[in-house]
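Visitor: This structure is in structure tokens; I'll ask about it shortly.
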Amino acid sequence: MTNHIRQFNEITPEYYNLAGGKASTLAKLTRASFQVPEGFVILTTAFDNEGLKTEAWQEVSDALQMMRSNDPAINFAVRSSAISEDSITASFAGAFETILNQSDDDEIKVAIQTVYESRNSERVNAYTITKQVETKHDMAIIVQKMIPSEISGVLFTADPVSGSFESMTGNYVLGHGEKLVSGESDAEAFMLYRPKGKYEGPETLKTYADQLYKQATAIEILLGSGQDIEWAIAEGRLHILQSRPITTLSPGNINEYDVNYTNMGNEIWINTNISEAIPDVYSPFTWSIGKILDESLNFIPDYYIFSGNIYGRPYMNISRRINVIKSILGPFSKGAQKMIFDLYGELPKGMNIPNHPMGRSETLKMMVPKALSIGKASRNASKTLKPFFNGTPEWHKQMKLKLENAESPEKLLNLWLEELKPYVLKAWLSAGAAAIGIPKITALNKKLTKMVGPEDCSILMSNLRGNQELESLGPVTGISKVLSGEMTNDQYTLKYGHRGAHEYELSLPVDAENPKWIEHQVREYEALDIDVELLLNNQRKKFDDAFVRFIERYPNKIMWLKKQLKDASESAGLRERGRSEFVRVYRLIRLFALRAGQFYSLGDDVFLLYIDEVESMLLSGEFNKEIIPLRHKNYEKYKSLPAFPAVIKGRFNPEAWANDPNRRIDYFEASMPVEDMDETDLFTGHPGASGRVKGLVRVIDRFEDAHHLMAGEILVTSTTNIGWTPIFPKASAIITDIGAPLSHAAIVARELGIPAVVGCGNATIKLKTGDKVKVDGGQGTVEIL
């Protein structure tokens, strides 16, 4: 490879910030085997303030000669690919110069200079001001084969105004596309209707309509949003000239970390399960890592498992998943939909799924290859889960040393690309394989509820640790072992030191990074004056009593229940072990980022860069310093806002919602007025852990304030995770806004015999510190006294 030139198929993610938006998209399309005209990009490193560097021109000339050797009569188009161009928020369509039909080297050299100088043109400056994007336009330039177009056009894969995905709309002209852009020719309009691409328009294009629909759908899936596609027909073949996001359906200014995915179209977004694991606002760096993880195991088009971003908070667009299921299974999809709602919770009454029609065959064509690949990898991983998890601590130790001792940016980048990143993805896959039994536990919970009622079901499901250590309970039982001498400080740190309330947010340290962490844990535990083993034994007695009651009612199902509970225990233990070992590996990415920042004196500001920018920085030594304060401002704004509703439908303005005194945190629907919350003194959630207790409420919004909880108070919070485990023994009961029977709060509370009601929706708004309430964990009710 040369230093300043990259062919489209050579532009890998670490070069995206040097190749610009347009060239990076053409690279993705080329690697995905779309018919993109041959070409190369001159990277931003090839230019100085005056234009193309002298040494870079020779590389350009060599690349031109190579293309001429394949086609002596070739003509070239010289086009801009600015870093800010063709982004989600600003297309800069037509703002920078494009020079067509160039043939010899002298013409092309002049064209490159003309395109480069256009970054300072009046129309670029005007567009920059209008879009409020950064004024510096680092420029890469594309040199590409000219296509002798017979028909040229544009196609929007969604309605740019309404955000509807029910149809695609386009225009075309005969000849080159410049006539369409400049308005020299009257354009013909056409429509393509989902789910099968039914064509409505002039006969001239009808022959190519099916091919255009299928490729547009595939491009939309590949690039993850509604697209504005430029295309051409030449010699009977469809060519893709470029594709950019539809700016009116923009999730925001990604470059400045101004992000709101609810603006991408009419969708339903949920975070009912996600916010437990990831309660924090994503830093830009952590979000970019989350997107890599999301993409690695996701085979559903345009679906975000936890990398949907609403002002930095992770969300899943559940409506997309439902629409995919409906498109594949049709009238037989109700059972599959029910399984999803059992897992993530029912939608609020009256909230309907937005329609996004998809063709069954095209959806399967896109999904099946990756689904089969992921399935095969998952099956292979499941065969070696325990050996892999057992080997992870030692691998972690060795990799930590390698990262600490990396002598140069190049060596650090190689460690990331060749060792750390692949192992993180393997650990992520293994954690997913380890959680395969969770739907069975959900089904068992539902079945037992029907058989014995919610209270005895909660008690029977309270012994998931069985004869093994349950990771989510470990931080509190482990301290007990440290005090009794069964476990050393080092052993405790090795087993639990990588876990914490903020374990998924890489910009934040875990507790174990504080050398006095264990001393603090021991002092806290001693101050409780509570025997955790006694709590566990008391709950075990309740379990034995409930087991006897079950036998009395169902004497023929003793062996069935024993097997079901044994399987549930093993599945829960494996799931938690998988998550724990993944987090152990995942936290090394923080060390990698900090080491990268050290080479360029960035400190914690490295977490304001995206992972591809960090890779590019390590590769070239360059990064955009100007963007850091802009991202920092937005990141801090996001952190200042309260947690958002668990369910959001349509466009959501977080700041307007936060300022609404009547806001709800259980759901938000853009097209409907906010309903007043039920003012009764009794509200419900999921039965989390059985037991009845009266007491005073302590509302805690952030984990950092958890020390305010006094022994015997009832903890009320939005959600909990493993970082909260050590304070559970202080609480007489637990109430959460978000949660389900298999959420952290429910599992740990059941094991410790602490009554819990989870998933109440608006508990942190309805209740205030000092309120007296009665909690019935078995029935899932909270009564304000």
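Note on naming: chains are A, B, ... as they come in the structure tokens, residues start from 1 per chain, ligands start from 1 in the order shown.
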Determine, counting only C-alpha atoms, which protein, DNA and RNA residues have an atom within 8 Å of an atom of Asn309 (chain A); residues of the same chain fewer than 5 positions away are not included. Present the result as a PyMOL selection string.
Guide: chain A and resi 259-261+314-315
Visitor: Next, dump the selected residues to file, keeping only N, CA, C and O atoms, as an mmCIF file, in the first residue's frame.
Guide:
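Saved result, selection-v8.cif, follows:
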```cif
data_model
loop_
_atom_site.group_PDB
_atom_site.id
_atom_site.type_symbol
_atom_site.label_atom_id
_atom_site.label_comp_id
_atom_site.auth_asym_id
_atom_site.auth_seq_id
_atom_site.Cartn_x
_atom_site.Cartn_y
_atom_site.Cartn_z
ATOM 1 N N VAL A 259 -26.677 13.357 19.801
ATOM 2 C CA VAL A 259 -27.279 12.136 19.276
ATOM 3 C C VAL A 259 -28.661 11.891 19.878
ATOM 4 O O VAL A 259 -28.830 11.918 21.095
ATOM 5 N N ASN A 260 -29.623 11.636 18.989
ATOM 6 C CA ASN A 260 -30.968 11.274 19.429
ATOM 7 C C ASN A 260 -31.584 10.377 18.364
ATOM 8 O O ASN A 260 -32.116 10.850 17.357
ATOM 9 N N TYR A 261 -31.541 9.065 18.581
ATOM 10 C CA TYR A 261 -32.003 8.110 17.581
ATOM 11 C C TYR A 261 -33.514 8.141 17.370
ATOM 12 O O TYR A 261 -34.009 7.588 16.394
ATOM 13 N N PRO A 314 -28.530 4.177 26.386
ATOM 14 C CA PRO A 314 -28.724 3.052 25.459
ATOM 15 C C PRO A 314 -30.171 2.598 25.370
ATOM 16 O O PRO A 314 -30.844 2.435 26.392
ATOM 17 N N TYR A 315 -30.633 2.372 24.145
ATOM 18 C CA TYR A 315 -31.996 1.901 23.901
ATOM 19 C C TYR A 315 -32.014 0.878 22.772
ATOM 20 O O TYR A 315 -31.112 0.839 21.931
#
```
Visitor: Name the residues in contact with region 491-498 of chain A at a cut-off of 12 Å, using only C-alpha atoms, excluding same-chain residues fewer than 4 positions from it; report them as an NGL selection string.
Guide: :A and (389-390 or 392-394 or 396-397 or 469-483 or 485-487 or 502-504 or 506 or 508-519 or 521-522 or 577 or 579-588 or 590 or 722-723 or 725-726)
Visitor: For Val115 (chain A), find every residue with an atom within 9 Å (counting only C-alpha atoms), except residues of its own chain fewer than 6 positions away, and show them as a list in words.
Guide: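 Using only C-alpha atoms, the neighbours found are Val78, Arg79, Ser80, Phe96, Glu97, Thr98, Ile99, Met139 and Ile141 of chain A.
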Visitor: With N, CA, C and O atoms retained, write the just-selected residues as an mmCIF file, in the first residue's frame.
Guide:
```
data_model
loop_
_atom_site.group_PDB
_atom_site.id
_atom_site.type_symbol
_atom_site.label_atom_id
_atom_site.label_comp_id
_atom_site.auth_asym_id
_atom_site.auth_seq_id
_atom_site.Cartn_x
_atom_site.Cartn_y
_atom_site.Cartn_z
ATOM 1 N N VAL A 78 -13.528 13.585 -10.675
ATOM 2 C CA VAL A 78 -12.782 13.988 -9.476
ATOM 3 C C VAL A 78 -13.790 14.630 -8.523
ATOM 4 O O VAL A 78 -14.426 15.632 -8.855
ATOM 5 N N ARG A 79 -13.942 14.029 -7.334
ATOM 6 C CA ARG A 79 -15.025 14.415 -6.434
ATOM 7 C C ARG A 79 -14.493 14.609 -5.024
ATOM 8 O O ARG A 79 -13.531 13.968 -4.602
ATOM 9 N N SER A 80 -15.163 15.443 -4.266
ATOM 10 C CA SER A 80 -14.766 15.696 -2.880
ATOM 11 C C SER A 80 -15.153 14.527 -1.988
ATOM 12 O O SER A 80 -16.105 13.790 -2.264
ATOM 13 N N PHE A 96 -19.338 21.208 -2.447
ATOM 14 C CA PHE A 96 -17.966 21.115 -2.928
ATOM 15 C C PHE A 96 -17.982 20.857 -4.441
ATOM 16 O O PHE A 96 -18.957 20.331 -4.990
ATOM 17 N N GLU A 97 -16.890 21.190 -5.103
ATOM 18 C CA GLU A 97 -16.821 21.006 -6.552
ATOM 19 C C GLU A 97 -16.726 19.533 -6.936
ATOM 20 O O GLU A 97 -16.156 18.718 -6.206
ATOM 21 N N THR A 98 -17.280 19.208 -8.096
ATOM 22 C CA THR A 98 -17.106 17.909 -8.747
ATOM 23 C C THR A 98 -16.695 18.183 -10.189
ATOM 24 O O THR A 98 -17.353 18.978 -10.878
ATOM 25 N N ILE A 99 -15.614 17.558 -10.644
ATOM 26 C CA ILE A 99 -15.123 17.760 -12.003
ATOM 27 C C ILE A 99 -15.262 16.449 -12.764
ATOM 28 O O ILE A 99 -14.720 15.419 -12.333
ATOM 29 N N MET A 139 -10.036 17.683 3.800
ATOM 30 C CA MET A 139 -10.512 17.194 2.513
ATOM 31 C C MET A 139 -9.713 15.985 2.035
ATOM 32 O O MET A 139 -8.494 16.031 1.934
ATOM 33 N N ILE A 141 -10.002 13.362 -1.449
ATOM 34 C CA ILE A 141 -10.563 13.522 -2.797
ATOM 35 C C ILE A 141 -10.635 12.171 -3.492
ATOM 36 O O ILE A 141 -9.677 11.384 -3.453
#
```
Visitor: Within 12 Å of Met672 (chain A), counting only C-alpha atoms, which residues show up once you throw out same-chain ones fewer than 5 positions away? Write them as a list in words, please.
Guide: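 Residues near the query, excluding close chain neighbours: Gly350, Met351, Asn352, Ile648, Lys649, Gly650, Arg651, Phe652 and Tyr667 of chain A.
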Visitor: Compile the contact shell of Ser718 (chain A) as a PyMOL selection string: residues with an atom at most 9 Å away, counting only C-alpha atoms, same-chain residues fewer than 6 positions apart removed.
Guide: chain A and resi 275-276+643+700-702+735-739+759+761-764
Visitor: Quick one: distance from CA of Val281 (chain A) to CA of Leu767 (chain A) in Å, one decimal?
Guide: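 So the two atoms, CA of Val281 (chain A) and CA of Leu767 (chain A), lie 24.1 Å apart.
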